[in-house]
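K.L.:
Here you go, this is run.cif (mmCIF, C-alpha atoms).
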data_structure
loop_
_atom_site.group_PDB
_atom_site.id
_atom_site.type_symbol
_atom_site.label_atom_id
_atom_site.label_comp_id
_atom_site.auth_asym_id
_atom_site.auth_seq_id
_atom_site.Cartn_x
_atom_site.Cartn_y
_atom_site.Cartn_z
ATOM 1 C CA MET A 11 -0.533 12.612 -12.850
ATOM 2 C CA ARG A 12 0.735 9.551 -14.670
ATOM 3 C CA PHE A 13 -0.915 6.191 -13.926
ATOM 4 C CA THR A 14 1.012 2.958 -14.523
ATOM 5 C CA PRO A 15 -0.658 -0.446 -14.006
ATOM 6 C CA THR A 16 1.256 -3.080 -12.033
ATOM 7 C CA GLU A 17 1.280 -6.882 -11.991
ATOM 8 C CA VAL A 18 -1.732 -6.853 -9.655
ATOM 9 C CA GLN A 19 -5.022 -6.076 -11.382
ATOM 10 C CA GLY A 20 -6.316 -2.664 -10.276
ATOM 11 C CA CYS A 21 -3.109 -1.719 -8.447
ATOM 12 C CA VAL A 22 -1.585 1.395 -9.997
ATOM 13 C CA VAL A 23 1.583 3.444 -9.537
ATOM 14 C CA VAL A 24 0.785 7.164 -9.489
ATOM 15 C CA ASP A 25 3.569 9.560 -10.478
ATOM 16 C CA LEU A 26 3.432 13.327 -10.309
ATOM 17 C CA GLN A 27 3.648 15.566 -13.335
ATOM 18 C CA GLU A 28 5.786 18.386 -12.001
ATOM 19 C CA HIS A 29 5.530 21.934 -13.326
ATOM 20 C CA SER A 30 8.857 23.554 -12.419
ATOM 21 C CA ASP A 31 10.225 27.078 -12.311
ATOM 22 C CA ASP A 32 12.772 29.027 -10.247
ATOM 23 C CA ARG A 33 10.689 28.589 -7.093
ATOM 24 C CA GLY A 34 10.597 24.797 -7.294
ATOM 25 C CA PHE A 35 7.659 22.834 -8.650
ATOM 26 C CA PHE A 36 3.915 22.359 -8.389
ATOM 27 C CA ALA A 37 2.121 19.052 -8.953
ATOM 28 C CA ARG A 38 -1.311 17.639 -8.353
ATOM 29 C CA ALA A 39 -1.068 14.753 -5.855
ATOM 30 C CA PHE A 40 -4.724 13.691 -6.053
ATOM 31 C CA CYS A 41 -7.621 14.577 -8.346
ATOM 32 C CA THR A 42 -11.042 12.918 -8.307
ATOM 33 C CA THR A 43 -11.507 13.581 -12.033
ATOM 34 C CA GLU A 44 -8.202 11.961 -13.017
ATOM 35 C CA PHE A 45 -8.743 9.014 -10.670
ATOM 36 C CA ALA A 46 -12.267 8.456 -12.016
ATOM 37 C CA GLU A 47 -10.947 8.547 -15.605
ATOM 38 C CA GLN A 48 -8.642 5.659 -14.616
ATOM 39 C CA GLY A 49 -11.514 3.712 -13.041
ATOM 40 C CA LEU A 50 -10.099 4.221 -9.529
ATOM 41 C CA ASP A 51 -12.149 4.970 -6.432
ATOM 42 C CA THR A 52 -12.306 8.701 -5.753
ATOM 43 C CA MET A 53 -13.788 8.558 -2.246
ATOM 44 C CA VAL A 54 -11.472 9.640 0.566
ATOM 45 C CA VAL A 55 -12.989 9.146 4.016
ATOM 46 C CA GLN A 56 -9.832 9.380 6.093
ATOM 47 C CA ALA A 57 -6.111 10.029 5.891
ATOM 48 C CA ASN A 58 -3.683 8.096 8.074
ATOM 49 C CA LEU A 59 -0.079 8.908 8.968
ATOM 50 C CA SER A 60 2.399 6.250 10.040
ATOM 51 C CA PHE A 61 5.755 7.152 11.615
ATOM 52 C CA ASN A 62 8.450 4.477 11.830
ATOM 53 C CA HIS A 63 11.560 4.892 13.991
ATOM 54 C CA ARG A 64 13.892 2.362 12.381
ATOM 55 C CA ALA A 65 14.892 1.107 8.958
ATOM 56 C CA GLY A 66 13.773 -2.493 8.473
ATOM 57 C CA THR A 67 10.418 -1.940 10.189
ATOM 58 C CA LEU A 68 7.697 -4.010 8.570
ATOM 59 C CA ARG A 69 3.972 -3.306 8.662
ATOM 60 C CA GLY A 70 1.533 -5.732 7.021
ATOM 61 C CA MET A 71 0.106 -7.625 5.298
ATOM 62 C CA HIS A 72 -3.280 -6.044 6.087
ATOM 63 C CA ARG A 73 -6.607 -6.104 4.285
ATOM 64 C CA GLN A 74 -10.323 -5.711 4.903
ATOM 65 C CA ILE A 75 -12.884 -8.328 3.884
ATOM 66 C CA PRO A 76 -16.288 -7.669 2.276
ATOM 67 C CA PRO A 77 -18.324 -5.651 2.799
ATOM 68 C CA HIS A 78 -15.645 -3.372 4.297
ATOM 69 C CA ALA A 79 -14.042 -1.994 1.120
ATOM 70 C CA GLU A 80 -10.907 0.018 1.837
ATOM 71 C CA GLY A 81 -8.746 1.170 -1.065
ATOM 72 C CA LYS A 82 -5.542 3.041 -0.206
ATOM 73 C CA LEU A 83 -3.415 5.647 -1.917
ATOM 74 C CA VAL A 84 -0.052 5.259 -0.186
ATOM 75 C CA ARG A 85 2.729 7.854 -0.344
ATOM 76 C CA CYS A 86 6.014 8.077 1.568
ATOM 77 C CA ILE A 87 6.478 11.688 2.665
ATOM 78 C CA ARG A 88 9.704 11.266 4.658
ATOM 79 C CA GLY A 89 12.360 8.600 4.195
ATOM 80 C CA ALA A 90 11.766 5.557 2.002
ATOM 81 C CA ILE A 91 9.796 2.298 1.857
ATOM 82 C CA VAL A 92 9.164 -0.666 -0.359
ATOM 83 C CA ASP A 93 5.412 -0.986 -0.624
ATOM 84 C CA VAL A 94 3.816 -4.343 -1.403
ATOM 85 C CA ALA A 95 0.320 -5.115 -2.654
ATOM 86 C CA LEU A 96 -0.673 -8.805 -2.539
ATOM 87 C CA ASP A 97 -3.779 -9.860 -4.464
ATOM 88 C CA LEU A 98 -5.899 -12.061 -2.204
ATOM 89 C CA ARG A 99 -9.155 -11.575 -4.119
ATOM 90 C CA GLU A 100 -10.213 -15.142 -4.962
ATOM 91 C CA ASP A 101 -12.037 -14.039 -8.129
ATOM 92 C CA SER A 102 -9.115 -11.985 -9.453
ATOM 93 C CA PRO A 103 -7.088 -13.144 -12.476
ATOM 94 C CA THR A 104 -3.983 -12.029 -10.557
ATOM 95 C CA PHE A 105 -4.832 -13.915 -7.317
ATOM 96 C CA GLY A 106 -1.616 -14.670 -5.422
ATOM 97 C CA ALA A 107 0.451 -12.147 -7.388
ATOM 98 C CA HIS A 108 2.162 -9.244 -5.702
ATOM 99 C CA THR A 109 3.847 -6.038 -6.739
ATOM 100 C CA MET A 110 6.648 -4.231 -4.905
ATOM 101 C CA VAL A 111 7.235 -0.520 -5.498
ATOM 102 C CA GLU A 112 9.797 1.788 -3.925
ATOM 103 C CA LEU A 113 8.129 4.907 -2.563
ATOM 104 C CA THR A 114 10.397 7.669 -1.284
ATOM 105 C CA ALA A 115 10.140 11.278 -0.233
ATOM 106 C CA ASP A 116 12.469 12.032 -3.154
ATOM 107 C CA ASN A 117 10.595 10.174 -5.921
ATOM 108 C CA ARG A 118 7.192 11.390 -4.622
ATOM 109 C CA ARG A 119 5.572 8.279 -6.119
ATOM 110 C CA ALA A 120 2.334 6.813 -4.749
ATOM 111 C CA LEU A 121 0.713 3.385 -5.009
ATOM 112 C CA TRP A 122 -3.048 2.824 -5.324
ATOM 113 C CA VAL A 123 -3.985 -0.428 -3.559
ATOM 114 C CA PRO A 124 -7.532 -1.526 -4.443
ATOM 115 C CA PRO A 125 -10.021 -2.821 -1.874
ATOM 116 C CA TYR A 126 -9.503 -6.382 -0.580
ATOM 117 C CA VAL A 127 -5.849 -6.464 -1.723
ATOM 118 C CA ALA A 128 -3.430 -7.025 1.177
ATOM 119 C CA HIS A 129 -0.959 -4.235 1.802
ATOM 120 C CA GLY A 130 2.301 -3.902 3.678
ATOM 121 C CA TYR A 131 5.617 -2.133 3.569
ATOM 122 C CA GLN A 132 9.166 -2.190 4.875
ATOM 123 C CA THR A 133 11.047 0.971 5.766
ATOM 124 C CA LEU A 134 14.377 1.590 4.039
ATOM 125 C CA ALA A 135 15.425 4.521 6.243
ATOM 126 C CA ASP A 136 15.136 5.614 9.843
ATOM 127 C CA SER A 137 12.413 8.145 10.722
ATOM 128 C CA THR A 138 10.157 7.272 7.797
ATOM 129 C CA GLU A 139 6.617 8.637 7.480
ATOM 130 C CA VAL A 140 3.884 7.191 5.281
ATOM 131 C CA LEU A 141 0.617 8.934 4.418
ATOM 132 C CA TYR A 142 -2.459 6.954 3.317
ATOM 133 C CA GLN A 143 -5.638 8.325 1.784
ATOM 134 C CA VAL A 144 -8.279 5.671 2.439
ATOM 135 C CA SER A 145 -11.559 5.146 0.554
ATOM 136 C CA GLY A 146 -13.480 3.446 3.362
ATOM 137 C CA PRO A 147 -13.626 3.616 7.132
ATOM 138 C CA TYR A 148 -11.542 1.131 9.089
ATOM 139 C CA ALA A 149 -13.744 -1.685 10.400
ATOM 140 C CA PRO A 150 -11.997 -3.808 13.056
ATOM 141 C CA GLU A 151 -14.432 -6.693 12.482
ATOM 142 C CA GLY A 152 -13.378 -6.807 8.825
ATOM 143 C CA GLU A 153 -9.626 -6.762 9.396
ATOM 144 C CA ARG A 154 -7.596 -9.730 8.201
ATOM 145 C CA GLY A 155 -3.973 -10.327 7.351
ATOM 146 C CA GLN A 156 -1.408 -12.750 6.058
ATOM 147 C CA ARG A 157 2.087 -13.230 7.376
ATOM 148 C CA TYR A 158 4.611 -11.006 5.642
ATOM 149 C CA ASP A 159 6.927 -13.985 5.106
ATOM 150 C CA ASP A 160 4.288 -16.557 4.073
ATOM 151 C CA PRO A 161 6.130 -18.892 1.660
ATOM 152 C CA ALA A 162 2.964 -19.373 -0.421
ATOM 153 C CA PHE A 163 3.342 -15.865 -1.846
ATOM 154 C CA GLY A 164 7.123 -15.598 -2.248
ATOM 155 C CA ILE A 165 7.544 -11.986 -1.174
ATOM 156 C CA THR A 166 11.249 -11.235 -0.852
ATOM 157 C CA TRP A 167 11.723 -8.176 1.321
ATOM 158 C CA PRO A 168 14.862 -6.199 0.477
ATOM 159 C CA HIS A 169 16.276 -6.110 4.023
ATOM 160 C CA GLU A 170 16.192 -8.065 7.235
ATOM 161 C CA VAL A 171 13.036 -7.343 9.195
ATOM 162 C CA THR A 172 14.222 -5.503 12.309
ATOM 163 C CA VAL A 173 10.879 -4.453 13.813
ATOM 164 C CA VAL A 174 7.469 -6.085 13.361
ATOM 165 C CA SER A 175 4.463 -6.096 15.682
ATOM 166 C CA ASP A 176 3.354 -9.308 17.389
ATOM 167 C CA LYS A 177 0.068 -8.993 15.512
ATOM 168 C CA ASP A 178 1.765 -8.784 12.093
ATOM 169 C CA ALA A 179 4.172 -11.607 12.932
ATOM 170 C CA GLY A 180 1.214 -13.701 14.073
ATOM 171 C CA TRP A 181 -0.980 -13.554 10.971
ATOM 172 C CA PRO A 182 -1.496 -17.073 9.610
ATOM 173 C CA ASP A 183 0.178 -18.633 6.582
ATOM 174 C CA TRP A 184 -2.232 -19.309 3.753
ATOM 175 C CA ASP A 185 -3.396 -22.932 3.944
ATOM 176 C CA GLY A 186 -4.663 -23.179 0.367
ATOM 177 C CA ARG A 187 -8.320 -22.824 1.318
ATOM 178 C CA PRO A 188 -10.457 -19.968 0.004
ATOM 179 C CA LEU A 189 -9.885 -16.766 1.921
ATOM 180 C CA PRO A 190 -12.751 -14.935 3.598
#
Turn this file's structure into structure tokens for me.
P.N.:
Amino acid sequence: MRFTPTEVQGCVVVDLQEHSDDRGFFARAFCTTEFAEQGLDTMVVQANLSFNHRAGTLRGMHRQIPPHAEGKLVRCIRGAIVDVALDLREDSPTFGAHTMVELTADNRRALWVPPYVAHGYQTLADSTEVLYQVSGPYAPEGERGQRYDDPAFGITWPHEVTVVSDKDAGWPDWDGRPLP
């Protein structure tokens, strides 16, 4: 695997190193040794699959608050998304910064989103599926979010948002106060 840091501290693009022959290719998609060598969490406690009917669907921006650490390795296994990680860790040197990475079934790229960083994505194709490996159990009492179109963070989504849940549309704008 190849690991490429992004604008958000601790957020890393993970590309496959394909070994090809006449049959196709083989590549390691996850390895605890390689992740640990990069300083990334190697614990996987659950895997989640998200299916999205329509292009333009937006999910996010979700995060967990301490002590409910939940890092995510996100990969699009059917269709295409733009994946966004927004640093809302008050003590981070990249607080308020975000990174946007295109993840597709064709490019087989993944994005590691560290704990306490908000995460969301927009689908670029109909019938898109996203697979997450998650380092901590989901804790409803620790769930927080920010609005996907909060002007404080300047995220420019590539397409019109066609589908978004009431919950995701209802997350608050950041008011400048420290986040929990």
K.L.:
Find the spatial neighbours of Leu141 of chain A, counting only C-alpha atoms, within a cut-off of 8 Å - ignore same-chain residues fewer than 5 positions away - and output them as a list in words.
P.N.:
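After dropping sequence-adjacent residues, the list is Ala57, Asn58, Leu59, Ser60, Val84, Arg85, Cys86 and Ile87 of chain A.
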K.L.:
Of the residues A:Val22, A:Ala179, A:Leu189, A:Leu83, which is the one nearest to Phe40 of chain A, using all atoms listed in the file?
P.N.:
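Nearest candidate to Phe40 of chain A out of A:Val22, A:Ala179, A:Leu189, A:Leu83: A:Leu83.
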K.L.:
Excluding Leu68 of chain A and its own-chain neighbours fewer than 2 positions away, which residues fall within 9 Å of it when counting only C-alpha atoms? Please give them as a ChimeraX atom specification.
P.N.:
/A:65-66,70,130-133,158,171-175,178
K.L.:
Name the residues in contact with Ala162 of chain A at a cut-off of 9 Å, using all atoms listed in the file, excluding same-chain residues fewer than 3 positions from it; report them as number ranges by chain.
P.N.:
A: 106, 159, 165, 183-186
K.L.:
I need the residue set behind the PyMOL selection byres ((chain A and resi 118) around 10) for this file; please write it as a PyMOL selection string.
P.N.:
chain A and resi 24-26+39+85-88+90+112-117+119-120
K.L.:
For a cut-off of 12 Å around (0.0, -8.5, -3.3), file coordinates, pick out all residues using all atoms listed in the file and list them as a PDB file with C-alpha atoms, keeping the file's coordinate frame.
P.N.:
ATOM      1  CA  THR A  16       1.256  -3.080 -12.033  1.00  0.00           C
ATOM      2  CA  GLU A  17       1.280  -6.882 -11.991  1.00  0.00           C
ATOM      3  CA  VAL A  18      -1.732  -6.853  -9.655  1.00  0.00           C
ATOM      4  CA  GLN A  19      -5.022  -6.076 -11.382  1.00  0.00           C
ATOM      5  CA  GLY A  20      -6.316  -2.664 -10.276  1.00  0.00           C
ATOM      6  CA  CYS A  21      -3.109  -1.719  -8.447  1.00  0.00           C
ATOM      7  CA  GLY A  70       1.533  -5.732   7.021  1.00  0.00           C
ATOM      8  CA  MET A  71       0.106  -7.625   5.298  1.00  0.00           C
ATOM      9  CA  HIS A  72      -3.280  -6.044   6.087  1.00  0.00           C
ATOM     10  CA  ARG A  73      -6.607  -6.104   4.285  1.00  0.00           C
ATOM     11  CA  ASP A  93       5.412  -0.986  -0.624  1.00  0.00           C
ATOM     12  CA  VAL A  94       3.816  -4.343  -1.403  1.00  0.00           C
ATOM     13  CA  ALA A  95       0.320  -5.115  -2.654  1.00  0.00           C
ATOM     14  CA  LEU A  96      -0.673  -8.805  -2.539  1.00  0.00           C
ATOM     15  CA  ASP A  97      -3.779  -9.860  -4.464  1.00  0.00           C
ATOM     16  CA  LEU A  98      -5.899 -12.061  -2.204  1.00  0.00           C
ATOM     17  CA  ARG A  99      -9.155 -11.575  -4.119  1.00  0.00           C
ATOM     18  CA  SER A 102      -9.115 -11.985  -9.453  1.00  0.00           C
ATOM     19  CA  THR A 104      -3.983 -12.029 -10.557  1.00  0.00           C
ATOM     20  CA  PHE A 105      -4.832 -13.915  -7.317  1.00  0.00           C
ATOM     21  CA  GLY A 106      -1.616 -14.670  -5.422  1.00  0.00           C
ATOM     22  CA  ALA A 107       0.451 -12.147  -7.388  1.00  0.00           C
ATOM     23  CA  HIS A 108       2.162  -9.244  -5.702  1.00  0.00           C
ATOM     24  CA  THR A 109       3.847  -6.038  -6.739  1.00  0.00           C
ATOM     25  CA  MET A 110       6.648  -4.231  -4.905  1.00  0.00           C
ATOM     26  CA  VAL A 111       7.235  -0.520  -5.498  1.00  0.00           C
ATOM     27  CA  TRP A 122      -3.048   2.824  -5.324  1.00  0.00           C
ATOM     28  CA  VAL A 123      -3.985  -0.428  -3.559  1.00  0.00           C
ATOM     29  CA  PRO A 124      -7.532  -1.526  -4.443  1.00  0.00           C
ATOM     30  CA  PRO A 125     -10.021  -2.821  -1.874  1.00  0.00           C
ATOM     31  CA  TYR A 126      -9.503  -6.382  -0.580  1.00  0.00           C
ATOM     32  CA  VAL A 127      -5.849  -6.464  -1.723  1.00  0.00           C
ATOM     33  CA  ALA A 128      -3.430  -7.025   1.177  1.00  0.00           C
ATOM     34  CA  HIS A 129      -0.959  -4.235   1.802  1.00  0.00           C
ATOM     35  CA  GLY A 130       2.301  -3.902   3.678  1.00  0.00           C
ATOM     36  CA  TYR A 131       5.617  -2.133   3.569  1.00  0.00           C
ATOM     37  CA  GLY A 155      -3.973 -10.327   7.351  1.00  0.00           C
ATOM     38  CA  GLN A 156      -1.408 -12.750   6.058  1.00  0.00           C
ATOM     39  CA  ARG A 157       2.087 -13.230   7.376  1.00  0.00           C
ATOM     40  CA  TYR A 158       4.611 -11.006   5.642  1.00  0.00           C
ATOM     41  CA  ASP A 160       4.288 -16.557   4.073  1.00  0.00           C
ATOM     42  CA  ALA A 162       2.964 -19.373  -0.421  1.00  0.00           C
ATOM     43  CA  PHE A 163       3.342 -15.865  -1.846  1.00  0.00           C
ATOM     44  CA  GLY A 164       7.123 -15.598  -2.248  1.00  0.00           C
ATOM     45  CA  ILE A 165       7.544 -11.986  -1.174  1.00  0.00           C
ATOM     46  CA  THR A 166      11.249 -11.235  -0.852  1.00  0.00           C
TER      47      THR A 166
END
K.L.:
Measure the distance from atom CA of Met11 of chain A to atom CA of Gln27 of chain A in Å and round it to one decimal.
P.N.:
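Between atom CA of Met11 of chain A and atom CA of Gln27 of chain A the gap is 5.1 Å.
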K.L.:
Which residues, named as in the file, does the PyMOL selection byres ((chain A and resi 151) around 10) pick out? Answer as a list in words.
P.N.:
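Checking the PyMOL selection byres ((chain A and resi 151) around 10) against this file, the residues are Gln74, Ile75, His78, Tyr148, Ala149, Pro150, Gly152, Glu153 and Arg154 of chain A.
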K.L.:
Every residue with an atom at most 10 Å from (-9.9, 4.5, -4.7) (file coordinates; only C-alpha atoms) is what I'm after, so could you write them as a PyMOL selection string?
P.N.:
chain A and resi 20-21+42+45-46+49-54+79-83+122-125+143-146
K.L.:
Just C-alpha atoms for this one: save the residues we selected as a PDB file, in the coordinates of the input.
P.N.:
ATOM      1  CA  GLY A  20      -6.316  -2.664 -10.276  1.00  0.00           C
ATOM      2  CA  CYS A  21      -3.109  -1.719  -8.447  1.00  0.00           C
ATOM      3  CA  THR A  42     -11.042  12.918  -8.307  1.00  0.00           C
ATOM      4  CA  PHE A  45      -8.743   9.014 -10.670  1.00  0.00           C
ATOM      5  CA  ALA A  46     -12.267   8.456 -12.016  1.00  0.00           C
ATOM      6  CA  GLY A  49     -11.514   3.712 -13.041  1.00  0.00           C
ATOM      7  CA  LEU A  50     -10.099   4.221  -9.529  1.00  0.00           C
ATOM      8  CA  ASP A  51     -12.149   4.970  -6.432  1.00  0.00           C
ATOM      9  CA  THR A  52     -12.306   8.701  -5.753  1.00  0.00           C
ATOM     10  CA  MET A  53     -13.788   8.558  -2.246  1.00  0.00           C
ATOM     11  CA  VAL A  54     -11.472   9.640   0.566  1.00  0.00           C
ATOM     12  CA  ALA A  79     -14.042  -1.994   1.120  1.00  0.00           C
ATOM     13  CA  GLU A  80     -10.907   0.018   1.837  1.00  0.00           C
ATOM     14  CA  GLY A  81      -8.746   1.170  -1.065  1.00  0.00           C
ATOM     15  CA  LYS A  82      -5.542   3.041  -0.206  1.00  0.00           C
ATOM     16  CA  LEU A  83      -3.415   5.647  -1.917  1.00  0.00           C
ATOM     17  CA  TRP A 122      -3.048   2.824  -5.324  1.00  0.00           C
ATOM     18  CA  VAL A 123      -3.985  -0.428  -3.559  1.00  0.00           C
ATOM     19  CA  PRO A 124      -7.532  -1.526  -4.443  1.00  0.00           C
ATOM     20  CA  PRO A 125     -10.021  -2.821  -1.874  1.00  0.00           C
ATOM     21  CA  GLN A 143      -5.638   8.325   1.784  1.00  0.00           C
ATOM     22  CA  VAL A 144      -8.279   5.671   2.439  1.00  0.00           C
ATOM     23  CA  SER A 145     -11.559   5.146   0.554  1.00  0.00           C
ATOM     24  CA  GLY A 146     -13.480   3.446   3.362  1.00  0.00           C
TER      25      GLY A 146
END
K.L.:
With distances taken over only C-alpha atoms, which residue among A:Asp32, A:Arg38, A:Pro188, A:Arg69 lies nearest Asp101 of chain A?
P.N.:
A:Pro188
K.L.:
Skip Phe61 of chain A itself and residues of its chain fewer than 5 positions away, then list as number ranges by chain all residues within 7 Å of it, counting all atoms listed in the file.
P.N.:
A: 137-140
K.L.:
Once 4 Å is added on each side, what are the centre and the three edge lengths, in Å to one decimal, of the axis-aligned box enclosing the listed atoms of segment 170-175 of chain A? Present them as AutoDock Vina command-line options.
P.N.:
--center_x 10.3 --center_y -6.3 --center_z 11.5 --size_x 19.7 --size_y 11.6 --size_z 16.4
K.L.:
Record the distance separating atom CA of Gln48 of chain A and atom CA of Phe13 of chain A, expressed in Å with one decimal.
P.N.:
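So the answer is 7.8 Å.
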K.L.:
Provide the atom CA of Gly180 of chain A to atom CA of Gln56 of chain A distance in Å, to one decimal place.
P.N.:
26.8 Å
